[in-house]
Amino acid sequence: MRSPKWYVLVALICVATGPVTFAQSAKPSDASAQSKSEAVLATEAEVQQLRREVAELKAQIHQLLEISARAQQDGGARLVQTNAVAASDLDASSVAPTPSAVNPVPVSDANSSAPAATAADIDGLQKEIAALQKNAADVPAPTSGWNGEHFYLKSGDGNFTLMPVGYLDARYTFYKGDGAPSDTFAISRARFGVQGNYGKQLDYAFLFETASALTIRDAYVDFKPWNGFKIMGGQYKVPFSMEVGTADTNVEFTDRSIVSVLYPDAAGAFRAPGVDVHGDLADGRAQYWAGIFNGQGLLAAGTTNEPEVVARVRFAPWKDSDGMLKGLSVGGSVEHSRSRGLSNEISYSGLLTDGTYNFFPQFRINGGVERYNGFFSYFKSGLGIRGEYTQLLEKRSNIGSLAPGGVAFNTIPGVKGWGGYASATYILTGEKEPDNAIPRVKHPVIGPNSPGESGPPGWGAWALKARFSWLEGKAAGATCDANTIPACPITPGIVPYYSDHTDQLTVGFNWYLNYWVLVKSDFNLNQLKNPSVQGILPRNYFVFIEGLQFRF
């Protein structure tokens with residue numbers, strides 16, 4: 001197919017040269033024979049020529065409109081305005097002269113039998129050509145490129161955007177301590193997917209985990225009719241904890257705190273199918289989330305007729321002030337769900353997030369599950385401070401013979417867990433510590449600059465970090481005596497009592513080579529306070545983790 005630019009140039013040359021030549025040849029030899037105000041006439045042949053040019057342009061523009069949704073194979077050529085075309089873009093030898101340019105049609109005289117047309121007719125046709133050119137130039141073309149953070153594909157009208165996204169977390173872990181695991185290399189995350197928007201009110205994301213078996217991690221749409229009221233549905237993170245709400249790539253430490261085992265759907269990467277409403281109020285000084293979920297983890301169906309209900313609020317009243325409290329926010333959340341013993345549901349895992357040991361056993365549960373959480377964060381320049389407290393109760397109502405040891409009485413005290421953490425990070429190289437984002441590296445070691453930055457290459461960004469977290473678990477025991485409890489069997493039964501405690505101190509540093517590549521170095525001191533599941537005596541364990549994160 002010939003270039004649309006070629007058609008436009010040919011048509012414009014015809015229009016521009018034809019009337020000029022016509023005007024020169026049509027000048028009367030006798031000035032007194034024709035008044036200056038008398039209309040200049042043209043033959044029907046020339047009018048038909050202009051009309052043919054208009055029809056040709058219309059056909060070409062119609063064809064361009066049909067293919068504008070896909071980039072033209074000749075490098076994205078499209079109709080442009082004439083004044084945007086440089087003279088060097090046109091090879092005069094390749095343009096065939098039109099009849100109106102070479103042999104202008106003379107003006108009809110009094111003896112001509114052809115119908116005459118005035119200059120107004122010609123001017124109208126020229127205006128129609130100009131309007132067609134403008135409409136063609138305004139036809140949006142698909143775009144693609146780099147927006148400073150992600151690659152993207154975007155429709156010409158901007159209503160549809162698709163961005164491929166992904167990240168990789170690799171690590172090598174060194175352990176020291178009796179009964180600790182062997183040193184090992186692992187790919188903790190390898191996720192790939194797409195995200196984007198359809199119109200200005202609908203965002204979407206599809207993200208897959210590929211480190212082990214291919215699994216859907218995130219698959220949701222977020223409808224945003226108003227800033228204060230949005231609806232999200234699909235599979236995604238349950239909005240309970242501030243720590244979990246932080247994107248996986250934005251967590252400063254290699255692992256989340258040991259308290260994260262108490263969060264909803266911890267065994268399913270903190271995600272579950274569900275729907276929620278959320279929004280920002282008072283210009284972002286208040287935020288809220290409220291939703292219902294299956295409560296069983298990734299792609300898992302609910303086991304009872306009572307869904308997991310979650311509500312969370314966050315307040316930043318001094319967000320727009322200039323005082324010391326500008327970067328302070330506080331909030332809390334609650335969660336309620338129900339477990340089913342006949343579905344083999346068990347209590348939370350006591351395995352530490354770095355895999356060193358399991359400090360607390362798991363039990364069969366049945367009945368209500370209740371969680372409570374409070375959190376705060378504070379940011380000022382390169383400093384970031386965060387803290388969170390969580391407590392959990394998993395009931396064992398009417399557990400009967402499902403309890404350990406086969407004790408046949410109805411109810412056993414529930415399984416409890418509670419703990420918290422406090423962390424601090426400080427960027428040494430002058431970047432600001434963001435809330436749930438990667439710092440904008442001013443002087444990257446490799447690769448392009450961060451979005452909004454234009455500094456020369458350097459040593460990247462460096463940050464120090466420290467975190468202390470503690471976790472306790474309790475499962476009260478009970479004794480069933482047939483002499484006092486009729487529901488007990490003849491032989492007395494005993495449910496043992498468990499109460500364990502562990503904590504973790506983490507120190508380290510982060511090296512941001514650029515906005516997309518991060519090296520994490522963490523040293524964990526794990527302190528087992530009470531006898532663990534394996535019967536190991538209280539002692540300290542030392543863990544060093546070297547991690548590499550890449551995202552796009």
# chains A, B, ... in the order shown; residues from 1 in each chain; ligands from 1
>>> closest_atom_pairs(of="range 285-347 of chain A", to="range 352-367 of chain A", cutoff="12 Å", atoms="only C-alpha atoms", output="CSV")
residue,atom,partner,partner_atom,distance
A:Thr303,CA,A:Asn366,CA,11.3
A:Thr304,CA,A:Gly367,CA,10.1
A:Glu306,CA,A:Gly367,CA,10.5
A:His336,CA,A:Gly367,CA,10.7
A:Ser337,CA,A:Gly367,CA,8.5
A:Arg338,CA,A:Gly367,CA,5.3
A:Ser339,CA,A:Asn366,CA,5.0
A:Arg340,CA,A:Asn366,CA,4.8
A:Gly341,CA,A:Asn366,CA,4.6
A:Leu342,CA,A:Asn366,CA,8.1
A:Ser343,CA,A:Asn366,CA,9.2
A:Asn344,CA,A:Arg364,CA,6.8
A:Glu345,CA,A:Arg364,CA,6.1
A:Ile346,CA,A:Arg364,CA,4.4
A:Ser347,CA,A:Gln362,CA,5.2
>>> residues_around(residues="range 143-148 of chain A", least_positions_apart="6", cutoff="9 Å", atoms="only C-alpha atoms", output="PyMOL selection string")
chain A and resi 71+154-156+158+448-452
>>> residues_around(residues="range 208-217 of chain A", least_positions_apart="6", cutoff="7 Å", atoms="only C-alpha atoms", output="PDB file with all heavy atoms, in the first residue's frame")
ATOM      1  N   ILE A 187      14.969 -19.638  45.067  1.00  0.00           N
ATOM      2  CA  ILE A 187      14.215 -18.602  44.358  1.00  0.00           C
ATOM      3  C   ILE A 187      12.908 -18.446  45.131  1.00  0.00           C
ATOM      4  O   ILE A 187      12.009 -19.285  45.027  1.00  0.00           O
ATOM      5  CB  ILE A 187      13.943 -18.988  42.896  1.00  0.00           C
ATOM      6  CG1 ILE A 187      15.231 -19.266  42.151  1.00  0.00           C
ATOM      7  CG2 ILE A 187      13.137 -17.883  42.208  1.00  0.00           C
ATOM      8  CD1 ILE A 187      16.129 -18.063  41.976  1.00  0.00           C
ATOM      9  N   SER A 188      12.822 -17.413  45.938  1.00  0.00           N
ATOM     10  CA  SER A 188      11.639 -17.253  46.772  1.00  0.00           C
ATOM     11  C   SER A 188      10.449 -16.712  45.994  1.00  0.00           C
ATOM     12  O   SER A 188       9.294 -16.999  46.330  1.00  0.00           O
ATOM     13  CB  SER A 188      11.948 -16.331  47.954  1.00  0.00           C
ATOM     14  OG  SER A 188      12.479 -15.095  47.510  1.00  0.00           O
ATOM     15  N   ARG A 189      10.688 -15.901  44.971  1.00  0.00           N
ATOM     16  CA  ARG A 189       9.601 -15.377  44.138  1.00  0.00           C
ATOM     17  C   ARG A 189      10.091 -15.270  42.703  1.00  0.00           C
ATOM     18  O   ARG A 189      11.224 -14.839  42.455  1.00  0.00           O
ATOM     19  CB  ARG A 189       9.151 -13.987  44.606  1.00  0.00           C
ATOM     20  CG  ARG A 189       8.589 -13.929  46.015  1.00  0.00           C
ATOM     21  CD  ARG A 189       8.091 -12.533  46.328  1.00  0.00           C
ATOM     22  NE  ARG A 189       7.659 -12.384  47.708  1.00  0.00           N
ATOM     23  CZ  ARG A 189       8.422 -11.934  48.693  1.00  0.00           C
ATOM     24  NH1 ARG A 189       9.671 -11.580  48.434  1.00  0.00           N
ATOM     25  NH2 ARG A 189       7.952 -11.830  49.918  1.00  0.00           N
ATOM     26  N   ALA A 190       9.238 -15.634  41.780  1.00  0.00           N
ATOM     27  CA  ALA A 190       9.485 -15.431  40.352  1.00  0.00           C
ATOM     28  C   ALA A 190       8.123 -15.206  39.723  1.00  0.00           C
ATOM     29  O   ALA A 190       7.452 -16.154  39.311  1.00  0.00           O
ATOM     30  CB  ALA A 190      10.204 -16.628  39.729  1.00  0.00           C
ATOM     31  N   ARG A 191       7.704 -13.973  39.678  1.00  0.00           N
ATOM     32  CA  ARG A 191       6.331 -13.649  39.282  1.00  0.00           C
ATOM     33  C   ARG A 191       6.319 -12.804  38.025  1.00  0.00           C
ATOM     34  O   ARG A 191       7.175 -11.943  37.827  1.00  0.00           O
ATOM     35  CB  ARG A 191       5.607 -12.945  40.437  1.00  0.00           C
ATOM     36  CG  ARG A 191       5.493 -13.854  41.649  1.00  0.00           C
ATOM     37  CD  ARG A 191       4.904 -13.199  42.862  1.00  0.00           C
ATOM     38  NE  ARG A 191       4.929 -14.121  43.995  1.00  0.00           N
ATOM     39  CZ  ARG A 191       4.623 -13.801  45.244  1.00  0.00           C
ATOM     40  NH1 ARG A 191       4.254 -12.558  45.529  1.00  0.00           N
ATOM     41  NH2 ARG A 191       4.683 -14.698  46.203  1.00  0.00           N
ATOM     42  N   PHE A 192       5.314 -13.068  37.199  1.00  0.00           N
ATOM     43  CA  PHE A 192       5.197 -12.379  35.921  1.00  0.00           C
ATOM     44  C   PHE A 192       3.721 -12.211  35.604  1.00  0.00           C
ATOM     45  O   PHE A 192       2.909 -13.084  35.898  1.00  0.00           O
ATOM     46  CB  PHE A 192       5.876 -13.166  34.800  1.00  0.00           C
ATOM     47  CG  PHE A 192       5.717 -12.538  33.443  1.00  0.00           C
ATOM     48  CD1 PHE A 192       6.503 -11.460  33.078  1.00  0.00           C
ATOM     49  CD2 PHE A 192       4.764 -13.010  32.554  1.00  0.00           C
ATOM     50  CE1 PHE A 192       6.342 -10.875  31.837  1.00  0.00           C
ATOM     51  CE2 PHE A 192       4.606 -12.429  31.309  1.00  0.00           C
ATOM     52  CZ  PHE A 192       5.404 -11.354  30.952  1.00  0.00           C
ATOM     53  N   GLY A 193       3.387 -11.085  34.987  1.00  0.00           N
ATOM     54  CA  GLY A 193       2.006 -10.860  34.604  1.00  0.00           C
ATOM     55  C   GLY A 193       1.835  -9.534  33.903  1.00  0.00           C
ATOM     56  O   GLY A 193       2.812  -8.945  33.402  1.00  0.00           O
TER      57      GLY A 193
END
>>> residues_around(residues="Thr173 in chain A", least_positions_apart="5", cutoff="10 Å", atoms="only C-alpha atoms", output="NGL selection string")
:A and (181-186 or 354-355 or 522-523 or 543-547)
>>> residues_around(residues="Leu383 in chain A", least_positions_apart="4", cutoff="9 Å", atoms="only C-alpha atoms", output="MDAnalysis selection string")
chainID A and resid 378:379 424:427 432:433
>>> write_last_selection(atoms="N, CA, C and O atoms", output="PDB file, in the first residue's frame")
ATOM      1  N   TYR A 378       5.782   6.248  60.348  1.00  0.00           N
ATOM      2  CA  TYR A 378       6.253   7.636  60.383  1.00  0.00           C
ATOM      3  C   TYR A 378       7.404   7.777  59.393  1.00  0.00           C
ATOM      4  O   TYR A 378       8.350   6.979  59.396  1.00  0.00           O
ATOM      5  N   PHE A 379       7.301   8.803  58.524  1.00  0.00           N
ATOM      6  CA  PHE A 379       8.329   9.047  57.512  1.00  0.00           C
ATOM      7  C   PHE A 379       8.761  10.507  57.568  1.00  0.00           C
ATOM      8  O   PHE A 379       7.910  11.404  57.624  1.00  0.00           O
ATOM      9  N   ALA A 424      13.002   0.190  61.773  1.00  0.00           N
ATOM     10  CA  ALA A 424      13.485   1.512  61.376  1.00  0.00           C
ATOM     11  C   ALA A 424      14.437   1.339  60.201  1.00  0.00           C
ATOM     12  O   ALA A 424      15.263   0.412  60.172  1.00  0.00           O
ATOM     13  N   THR A 425      14.327   2.221  59.215  1.00  0.00           N
ATOM     14  CA  THR A 425      15.231   2.254  58.065  1.00  0.00           C
ATOM     15  C   THR A 425      15.694   3.684  57.864  1.00  0.00           C
ATOM     16  O   THR A 425      14.957   4.642  58.149  1.00  0.00           O
ATOM     17  N   TYR A 426      16.919   3.818  57.388  1.00  0.00           N
ATOM     18  CA  TYR A 426      17.446   5.157  57.123  1.00  0.00           C
ATOM     19  C   TYR A 426      18.323   5.106  55.881  1.00  0.00           C
ATOM     20  O   TYR A 426      19.253   4.297  55.783  1.00  0.00           O
ATOM     21  N   ILE A 427      18.017   5.980  54.909  1.00  0.00           N
ATOM     22  CA  ILE A 427      18.768   6.027  53.653  1.00  0.00           C
ATOM     23  C   ILE A 427      19.927   6.998  53.816  1.00  0.00           C
ATOM     24  O   ILE A 427      19.730   8.184  54.128  1.00  0.00           O
ATOM     25  N   LYS A 432      14.664  10.117  49.738  1.00  0.00           N
ATOM     26  CA  LYS A 432      13.583  10.079  50.716  1.00  0.00           C
ATOM     27  C   LYS A 432      13.072   8.655  50.887  1.00  0.00           C
ATOM     28  O   LYS A 432      12.988   7.890  49.934  1.00  0.00           O
ATOM     29  N   GLU A 433      12.733   8.319  52.132  1.00  0.00           N
ATOM     30  CA  GLU A 433      12.127   7.019  52.407  1.00  0.00           C
ATOM     31  C   GLU A 433      10.649   7.090  52.054  1.00  0.00           C
ATOM     32  O   GLU A 433       9.885   7.847  52.660  1.00  0.00           O
TER      33      GLU A 433
END
>>> residues_around(residues="Pro273 in chain A", least_positions_apart="3", cutoff="6 Å", atoms="only C-alpha atoms", output="PDB file with all heavy atoms, in the first residue's frame")
ATOM      1  N   GLY A 234     -11.961 -10.229  42.844  1.00  0.00           N
ATOM      2  CA  GLY A 234     -11.037 -11.194  42.247  1.00  0.00           C
ATOM      3  C   GLY A 234     -10.254 -11.893  43.339  1.00  0.00           C
ATOM      4  O   GLY A 234     -10.768 -12.166  44.428  1.00  0.00           O
ATOM      5  N   GLN A 235      -8.995 -12.195  43.061  1.00  0.00           N
ATOM      6  CA  GLN A 235      -8.091 -12.758  44.064  1.00  0.00           C
ATOM      7  C   GLN A 235      -6.934 -11.797  44.275  1.00  0.00           C
ATOM      8  O   GLN A 235      -6.238 -11.429  43.327  1.00  0.00           O
ATOM      9  CB  GLN A 235      -7.560 -14.121  43.621  1.00  0.00           C
ATOM     10  CG  GLN A 235      -6.545 -14.713  44.610  1.00  0.00           C
ATOM     11  CD  GLN A 235      -6.158 -16.129  44.272  1.00  0.00           C
ATOM     12  OE1 GLN A 235      -6.857 -17.075  44.597  1.00  0.00           O
ATOM     13  NE2 GLN A 235      -5.026 -16.284  43.600  1.00  0.00           N
ATOM     14  N   PHE A 293     -14.210 -12.487  52.028  1.00  0.00           N
ATOM     15  CA  PHE A 293     -13.311 -13.369  51.296  1.00  0.00           C
ATOM     16  C   PHE A 293     -13.602 -14.812  51.671  1.00  0.00           C
ATOM     17  O   PHE A 293     -14.264 -15.100  52.683  1.00  0.00           O
ATOM     18  CB  PHE A 293     -11.857 -13.021  51.625  1.00  0.00           C
ATOM     19  CG  PHE A 293     -11.467 -11.625  51.250  1.00  0.00           C
ATOM     20  CD1 PHE A 293     -11.706 -10.568  52.122  1.00  0.00           C
ATOM     21  CD2 PHE A 293     -10.885 -11.358  50.018  1.00  0.00           C
ATOM     22  CE1 PHE A 293     -11.369  -9.268  51.780  1.00  0.00           C
ATOM     23  CE2 PHE A 293     -10.544 -10.065  49.668  1.00  0.00           C
ATOM     24  CZ  PHE A 293     -10.790  -9.021  50.546  1.00  0.00           C
ATOM     25  N   ASN A 294     -13.063 -15.743  50.863  1.00  0.00           N
ATOM     26  CA  ASN A 294     -13.219 -17.164  51.175  1.00  0.00           C
ATOM     27  C   ASN A 294     -12.463 -17.555  52.436  1.00  0.00           C
ATOM     28  O   ASN A 294     -12.845 -18.480  53.140  1.00  0.00           O
ATOM     29  CB  ASN A 294     -12.744 -18.034  50.009  1.00  0.00           C
ATOM     30  CG  ASN A 294     -13.775 -18.106  48.901  1.00  0.00           C
ATOM     31  OD1 ASN A 294     -14.920 -17.676  49.063  1.00  0.00           O
ATOM     32  ND2 ASN A 294     -13.383 -18.658  47.766  1.00  0.00           N
TER      33      ASN A 294
END
>>> residues_around(residues="range 314-331 of chain A", least_positions_apart="6", cutoff="12 Å", atoms="only C-alpha atoms", output="count of residues only")
39
>>> select_by_dssp(residues="range 194-365 of chain A", states="alpha helix (DSSP H)", output="JSON, numbers by chain")
{"A": [242, 243, 244, 245]}
>>> atom_distance(atom1="CA of Asp169 in chain A", atom2="CA of Ala219 in chain A")
20.6 Å
